[in-house]
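A quick write-up on the structure given underneath.
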Amino acid sequence: MTALTQNIRLRIAPSPTGDPHVGLAYVTLFNYVFCKQNNGKLVLRIEDTDRERSKPSSEANIMSSLKWLGLNWDEGPDVGGPYGPYRQSERQAIYQQHVQQLLDAGKAYRCFCSSARLDTVRTEQRAKGLTTGYDRHCRELPAASAPASAPFVVRMKVPLEGRTDFVDTLRGVISIDNHQVDDQVLLKADGFPTYHLANVVDDHLMEISHVIRAEEWISSTPKHVLLYAAFGWKAPVFLHMPLLRNPDKSKISKRKNPVSLTYYQRKGILPAAMLNFLALMGWSYSETQEIFTVAEMQEKFILEKIHLGSPIFDLQKLLWLNQHYLQLVGEDEFVTTLRQQVFSDSYLRKLYPLLRTRMDCWESFVEKADFFFTGALQYQGLAICPTSMPQADFSKGMESLLLVLDEVYEWNSATLEAVLNQHRESLQWKPKDYFMPLRLIVTGRKDSPPLTETLEVLGREMVRFRIRDYLKNF
RNA sequence: GUCCCCAUCGUCUAGCCUGGCCCAGGACACCGCCUUUUCACGGCGGCGACGGGGGUUCGAAUCCCCCUGGGGACGCCA
């Protein structure tokens with residue numbers, strides 16, 4: 001490593017648009033370890049340029065999840081630092097100024113196309129089997145040809161010829177034809193920058209030396225390289241981590257796998273286990289030893305040794321590691337953690353109104369409230385209702401089912417019907433039966449609190465996979 | 001569809017760069033046995049992979065090419 005000839009500065013750049021994601025923890029871990037190993041600085045930068053989706057609560061959760069894992073940063077919105085502000089929404093002036101610079105240099109242009117027009121163009125391109133992208137309609141528009149008040153975006157003027165090459169530390173040279181690179185929007189109509197602009201400008205201004213990010217960014221790296229060149233800047237070193245996968249090998253998603261760090265924290269996965277597990281996804285400590293700490297990883301880690309095959313996030317192995325770490329827990333920690341995390345005051349208070357009238361002695365709490373701790377819901381009665389059956393009789397059951405599926409699993413009646421159709425044969429359905437064929441009551445137990453309250457206390461992600469597994473095994 | 005990336009047991013991986021020590025090593029899961037008054041932990045063992053085809057070479061999991069397969073990107077989301 002060339003640690004002495006260069007300041008190592010890494011960054012993690014989450015977008016605060018949802019629950020803290022395991023993918024973030026994964027990428028952060030590798031950034032963190034490489035950083036520490038080289039006496040570098042780790043920057044946390046909040047990429048909140050999507051005004052619609054960014055939420056302060058999400059930002060807070062991301063930070064607390066990373067802290068939970070012990071992945072601390074040296075500079076960030078909460079701790080400050082010499083390169084701030086560290087929230088992109090607070091850096092507007094900087095982006096405006098840089099966009100103007102590109103405009104002046106003729107390396108970007110204003111585009112007045114409506115999204116409707118863009119949609120049409122894309123549809124046509126798709127129909128012809130072409131790469132979809134902007135047709136550069138406004139690229140050569142004379143500067144004064146549009147009314148000053150017309151809404152516009154600023155697009156990058158990508159070279160029409162040639163190729164753009166860059167080096168990925170793990171993969172070597174990657175070369176992409178400029179025809180494949182879109183005239184990317186840099187500044188949106190609302191004046192906010194897109195990821196591509198903000199990311200490049202900030203990485204440069206914050207003197208980031210190595211960009212370690214997920215593989216999904218490979219195909220937009222040429223845009224970034226082109227931008228660095230347009231500004232006359234030196235690009236950082238790029239390294240793309242393999243993507244975590246669902247069991248079906250698709251990119252890990254909450255639809256198919258629990259992905260929220262909050263979920264794992266609450267479930268009772270220990271940070272050490274999670275970190276150890278994540279480290280194993282693409283890297284190995286030694287030929288025989290699989291259990292190791294972050295500190296040990298730091299000693300032996302070699303960036304270039306990251307394995308490129310995209311690993312499947314395997315809950316079983318996580319749990320095995322966790323069991324191992326749990327065995328190391330001392331008696332005091334056992335008592336304290338259980339009190340704080342599982343039987344916390346706040347959780348018990350939530351349960352109070354639901355359990356109070358259902359218990360007949362203190363001991364019965366365990367029996368009556370078990371599913372509030374395991375998430376193990378019971379499913380009572382899955383019935384096929386002939387279409388002749390009065391609508392009202394099962395509409396209630398249907399309602400709760402759809403509520404669960406829509407709210408918890410983001411399903412709708414169409415996907416539900418598809419699932420049901422898969423089981424059509426084993427259910428011996430007649431075609432006329434599957435119009436409204438199902439009644440499913442999902443609750444904790446027979447005498448349990450109402451579904452809505454149950455869901456609220458348990459949390460959606462906890463329930464989501466129970467239902468999925470249930471339907472799958474049916 | 002176009003472009004890009006990837007390819008060792010069901011899963012995570014070691015080996016690949018610097019061909020021979022690999023008829024491929026470890027771990028999870030699974031199965032069996034031992035230990036244990038139960039269960040778990042622990043110990044021992046079993047099952048199980050170099051996607052296919054061409055090269056190069058005395059020799060290929062390792063190097064090259066093609067095919068196939070998987071994935072990602074193609075947004076005024078990141």
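In the structure tokens, chains take letters A, B, ... by order of appearance, with residues numbered from 1 within each chain and ligands from 1 in the order shown.
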
Could you pull the residues within 8 Å of G19 (chain B), counting only C-alpha atoms (C1' of nucleotides), minus those fewer than 4 positions along the same chain, as a short mmCIF file (atom, residue, chain, number, x, y, z; two decimals) with all heavy atoms, in the first residue's frame?
data_model
loop_
_atom_site.label_atom_id
_atom_site.label_comp_id
_atom_site.auth_asym_id
_atom_site.auth_seq_id
_atom_site.Cartn_x
_atom_site.Cartn_y
_atom_site.Cartn_z
P A B 60 -3.54 -31.00 -18.49
OP1 A B 60 -4.79 -31.77 -18.25
OP2 A B 60 -3.27 -30.41 -19.81
"O5'" A B 60 -3.39 -29.86 -17.40
"C5'" A B 60 -3.67 -30.07 -15.99
"C4'" A B 60 -4.54 -28.93 -15.50
"O4'" A B 60 -3.83 -27.71 -15.84
"C3'" A B 60 -5.86 -28.90 -16.24
"O3'" A B 60 -6.94 -29.49 -15.53
"C2'" A B 60 -6.07 -27.42 -16.66
"O2'" A B 60 -7.06 -26.81 -15.88
"C1'" A B 60 -4.73 -26.77 -16.38
N9 A B 60 -4.10 -26.13 -17.54
C8 A B 60 -4.10 -26.49 -18.84
N7 A B 60 -3.41 -25.68 -19.62
C5 A B 60 -2.93 -24.73 -18.73
C6 A B 60 -2.13 -23.58 -18.91
N6 A B 60 -1.64 -23.20 -20.09
N1 A B 60 -1.84 -22.84 -17.83
C2 A B 60 -2.31 -23.24 -16.65
N3 A B 60 -3.08 -24.29 -16.36
C4 A B 60 -3.35 -24.99 -17.46
P U B 62 -8.61 -23.99 -15.58
OP1 U B 62 -9.37 -23.49 -16.73
OP2 U B 62 -7.23 -24.52 -15.79
"O5'" U B 62 -8.55 -22.85 -14.49
"C5'" U B 62 -7.92 -21.61 -14.73
"C4'" U B 62 -6.94 -21.31 -13.62
"O4'" U B 62 -6.64 -22.50 -12.89
"C3'" U B 62 -5.62 -20.74 -14.11
"O3'" U B 62 -5.51 -19.39 -13.68
"C2'" U B 62 -4.55 -21.63 -13.53
"O2'" U B 62 -3.52 -20.88 -12.94
"C1'" U B 62 -5.31 -22.42 -12.45
N1 U B 62 -4.79 -23.77 -12.22
C2 U B 62 -3.82 -23.91 -11.24
O2 U B 62 -3.37 -22.96 -10.62
N3 U B 62 -3.38 -25.19 -11.07
C4 U B 62 -3.82 -26.32 -11.71
O4 U B 62 -3.35 -27.40 -11.42
C5 U B 62 -4.83 -26.09 -12.70
C6 U B 62 -5.27 -24.84 -12.92
P C B 63 -6.24 -18.26 -14.56
OP1 C B 63 -6.00 -17.00 -13.82
OP2 C B 63 -7.61 -18.67 -14.92
"O5'" C B 63 -5.36 -18.26 -15.89
"C5'" C B 63 -4.16 -17.51 -15.97
"C4'" C B 63 -3.65 -17.54 -17.38
"O4'" C B 63 -3.08 -18.85 -17.65
"C3'" C B 63 -4.73 -17.40 -18.45
"O3'" C B 63 -5.06 -16.03 -18.67
"C2'" C B 63 -4.06 -18.03 -19.64
"O2'" C B 63 -3.12 -17.17 -20.24
"C1'" C B 63 -3.34 -19.21 -18.99
N1 C B 63 -4.14 -20.46 -18.99
C2 C B 63 -4.36 -21.12 -20.20
O2 C B 63 -3.89 -20.64 -21.23
N3 C B 63 -5.08 -22.25 -20.20
C4 C B 63 -5.57 -22.75 -19.07
N4 C B 63 -6.26 -23.88 -19.12
C5 C B 63 -5.36 -22.10 -17.82
C6 C B 63 -4.65 -20.96 -17.82
#

Write out as an mmCIF file with all heavy atoms, in the first residue's frame each polymer residue whose atoms come within 6 Å of Tyr86 (chain A), counting only C-alpha atoms (C1' of nucleotides); drop sequence neighbours fewer than 5 positions from it.
data_model
loop_
_atom_site.group_PDB
_atom_site.id
_atom_site.type_symbol
_atom_site.label_atom_id
_atom_site.label_comp_id
_atom_site.auth_asym_id
_atom_site.auth_seq_id
_atom_site.Cartn_x
_atom_site.Cartn_y
_atom_site.Cartn_z
ATOM 1 N N ARG A 45 -21.128 10.857 4.578
ATOM 2 C CA ARG A 45 -21.791 11.936 3.847
ATOM 3 C C ARG A 45 -23.225 11.516 3.548
ATOM 4 O O ARG A 45 -23.466 10.422 3.023
ATOM 5 C CB ARG A 45 -21.043 12.214 2.542
ATOM 6 C CG ARG A 45 -21.588 13.420 1.789
ATOM 7 C CD ARG A 45 -20.746 13.742 0.589
ATOM 8 N NE ARG A 45 -20.825 12.719 -0.435
ATOM 9 C CZ ARG A 45 -19.784 12.253 -1.109
ATOM 10 N NH1 ARG A 45 -18.569 12.696 -0.858
ATOM 11 N NH2 ARG A 45 -19.946 11.325 -2.030
ATOM 12 N N GLY A 76 -18.437 13.823 9.659
ATOM 13 C CA GLY A 76 -19.822 13.578 9.280
ATOM 14 C C GLY A 76 -20.709 14.677 9.817
ATOM 15 O O GLY A 76 -20.245 15.557 10.545
ATOM 16 N N PRO A 77 -21.978 14.624 9.478
ATOM 17 C CA PRO A 77 -22.891 15.687 9.863
ATOM 18 C C PRO A 77 -23.002 15.862 11.380
ATOM 19 O O PRO A 77 -23.235 16.963 11.862
ATOM 20 C CB PRO A 77 -24.237 15.269 9.267
ATOM 21 C CG PRO A 77 -24.075 13.883 8.827
ATOM 22 C CD PRO A 77 -22.633 13.582 8.698
#

>> Quick check: residues of chain B within 10 Å of chain A, only C-alpha atoms (C1' of nucleotides), returned as a ChimeraX atom specification.
In response: /B:1-7,11-15,25-29,41,70-78

>> Considering only strand (DSSP E or B) as DSSP defines it on the backbone, what residues of region 221-351 of chain A qualify? List them as a ChimeraX atom specification.
In response: /A:237-241,245,251,260,312

Atoms kept (N, CA and C atoms) for selection, written as a PDB file, in the first residue's frame:
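Saved result, again16.pdb, follows:
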ATOM      1  N   VAL A 237      -9.470   6.324  -6.757  1.00  0.00           N
ATOM      2  CA  VAL A 237      -9.379   4.902  -7.080  1.00  0.00           C
ATOM      3  C   VAL A 237     -10.773   4.305  -6.914  1.00  0.00           C
ATOM      4  N   PHE A 238     -11.186   3.514  -7.869  1.00  0.00           N
ATOM      5  CA  PHE A 238     -12.511   2.888  -7.769  1.00  0.00           C
ATOM      6  C   PHE A 238     -12.402   1.408  -7.439  1.00  0.00           C
ATOM      7  N   LEU A 239     -13.255   0.984  -6.538  1.00  0.00           N
ATOM      8  CA  LEU A 239     -13.352  -0.441  -6.240  1.00  0.00           C
ATOM      9  C   LEU A 239     -14.824  -0.761  -6.003  1.00  0.00           C
ATOM     10  N   HIS A 240     -15.316  -1.711  -6.755  1.00  0.00           N
ATOM     11  CA  HIS A 240     -16.732  -2.064  -6.611  1.00  0.00           C
ATOM     12  C   HIS A 240     -16.895  -3.406  -5.914  1.00  0.00           C
ATOM     13  N   MET A 241     -17.592  -3.354  -4.802  1.00  0.00           N
ATOM     14  CA  MET A 241     -17.855  -4.564  -4.019  1.00  0.00           C
ATOM     15  C   MET A 241     -18.928  -5.394  -4.724  1.00  0.00           C
ATOM     16  N   ARG A 245     -26.757 -10.950  -2.298  1.00  0.00           N
ATOM     17  CA  ARG A 245     -27.876 -11.528  -3.064  1.00  0.00           C
ATOM     18  C   ARG A 245     -28.942 -12.167  -2.182  1.00  0.00           C
ATOM     19  N   LYS A 251     -30.357  -9.283  -6.723  1.00  0.00           N
ATOM     20  CA  LYS A 251     -29.840  -8.293  -5.795  1.00  0.00           C
ATOM     21  C   LYS A 251     -30.670  -8.282  -4.519  1.00  0.00           C
ATOM     22  N   SER A 260     -33.118  -4.907   6.782  1.00  0.00           N
ATOM     23  CA  SER A 260     -32.958  -3.768   7.665  1.00  0.00           C
ATOM     24  C   SER A 260     -32.063  -4.115   8.847  1.00  0.00           C
ATOM     25  N   ILE A 312     -24.570 -14.937  -1.601  1.00  0.00           N
ATOM     26  CA  ILE A 312     -25.945 -15.005  -1.117  1.00  0.00           C
ATOM     27  C   ILE A 312     -25.944 -14.808   0.390  1.00  0.00           C
TER      28      ILE A 312
END

Within 10 Å of Leu355 (chain A), counting only C-alpha atoms (C1' of nucleotides), which residues show up once you throw out same-chain ones fewer than 5 positions away? Write them as a PDB file with N, CA and C atoms, in the first residue's frame, please.
ATOM      1  N   LEU A 348     -42.457  -3.610  27.172  1.00  0.00           N
ATOM      2  CA  LEU A 348     -43.458  -4.150  28.090  1.00  0.00           C
ATOM      3  C   LEU A 348     -44.624  -3.180  28.241  1.00  0.00           C
ATOM      4  N   ARG A 349     -44.319  -1.904  28.213  1.00  0.00           N
ATOM      5  CA  ARG A 349     -45.397  -0.920  28.302  1.00  0.00           C
ATOM      6  C   ARG A 349     -46.299  -0.969  27.068  1.00  0.00           C
ATOM      7  N   LYS A 350     -45.697  -1.223  25.943  1.00  0.00           N
ATOM      8  CA  LYS A 350     -46.502  -1.370  24.730  1.00  0.00           C
ATOM      9  C   LYS A 350     -47.435  -2.570  24.860  1.00  0.00           C
ATOM     10  N   ASP A 360     -54.255 -14.565  33.135  1.00  0.00           N
ATOM     11  CA  ASP A 360     -54.977 -14.906  34.352  1.00  0.00           C
ATOM     12  C   ASP A 360     -54.018 -15.080  35.529  1.00  0.00           C
ATOM     13  N   SER A 364     -48.766 -16.585  32.947  1.00  0.00           N
ATOM     14  CA  SER A 364     -49.401 -16.775  31.644  1.00  0.00           C
ATOM     15  C   SER A 364     -48.955 -15.729  30.622  1.00  0.00           C
ATOM     16  N   PHE A 365     -48.227 -14.737  31.099  1.00  0.00           N
ATOM     17  CA  PHE A 365     -47.671 -13.754  30.171  1.00  0.00           C
ATOM     18  C   PHE A 365     -46.849 -14.445  29.077  1.00  0.00           C
ATOM     19  N   LYS A 368     -49.145 -16.135  26.613  1.00  0.00           N
ATOM     20  CA  LYS A 368     -50.008 -15.260  25.825  1.00  0.00           C
ATOM     21  C   LYS A 368     -49.224 -14.301  24.919  1.00  0.00           C
ATOM     22  N   ALA A 369     -47.991 -14.055  25.280  1.00  0.00           N
ATOM     23  CA  ALA A 369     -47.262 -13.011  24.550  1.00  0.00           C
ATOM     24  C   ALA A 369     -46.103 -13.561  23.729  1.00  0.00           C
ATOM     25  N   SER A 448     -55.650 -13.705  20.730  1.00  0.00           N
ATOM     26  CA  SER A 448     -54.656 -12.634  20.686  1.00  0.00           C
ATOM     27  C   SER A 448     -55.285 -11.285  20.348  1.00  0.00           C
ATOM     28  N   PRO A 449     -54.550 -10.237  20.599  1.00  0.00           N
ATOM     29  CA  PRO A 449     -55.028  -8.897  20.268  1.00  0.00           C
ATOM     30  C   PRO A 449     -55.270  -8.767  18.771  1.00  0.00           C
TER      31      PRO A 449
END

>> I need the helix (DSSP H, G or I) residues of region 16-136 of chain A per DSSP on the backbone, written as JSON, numbers by chain.
In response: {"A": [22, 23, 24, 25, 26, 27, 28, 29, 30, 31, 32, 33, 34, 35, 36, 37, 56, 57, 58, 59, 60, 61, 62, 63, 64, 65, 66, 67, 68, 88, 89, 90, 92, 93, 94, 95, 96, 97, 98, 99, 100, 101, 102, 103, 104, 115, 116, 117, 118, 119, 120, 121, 122, 123, 124, 125, 126, 127]}

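Of note, CA of Arg266 (chain A) and CA of Asn61 (chain A) are spaced 13.1 Å apart.
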
>> What's around A24 (chain B) at 9 Å? Count only C-alpha atoms (C1' of nucleotides), leave out sequence neighbours fewer than 3 positions away in its own chain, and write the answer as a list in words.
In response: U8, G15, A49, C50 and A61 of chain B

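Between CA of Asp104 (chain A) and CA of Cys138 (chain A) there is a distance of 16.2 Å.
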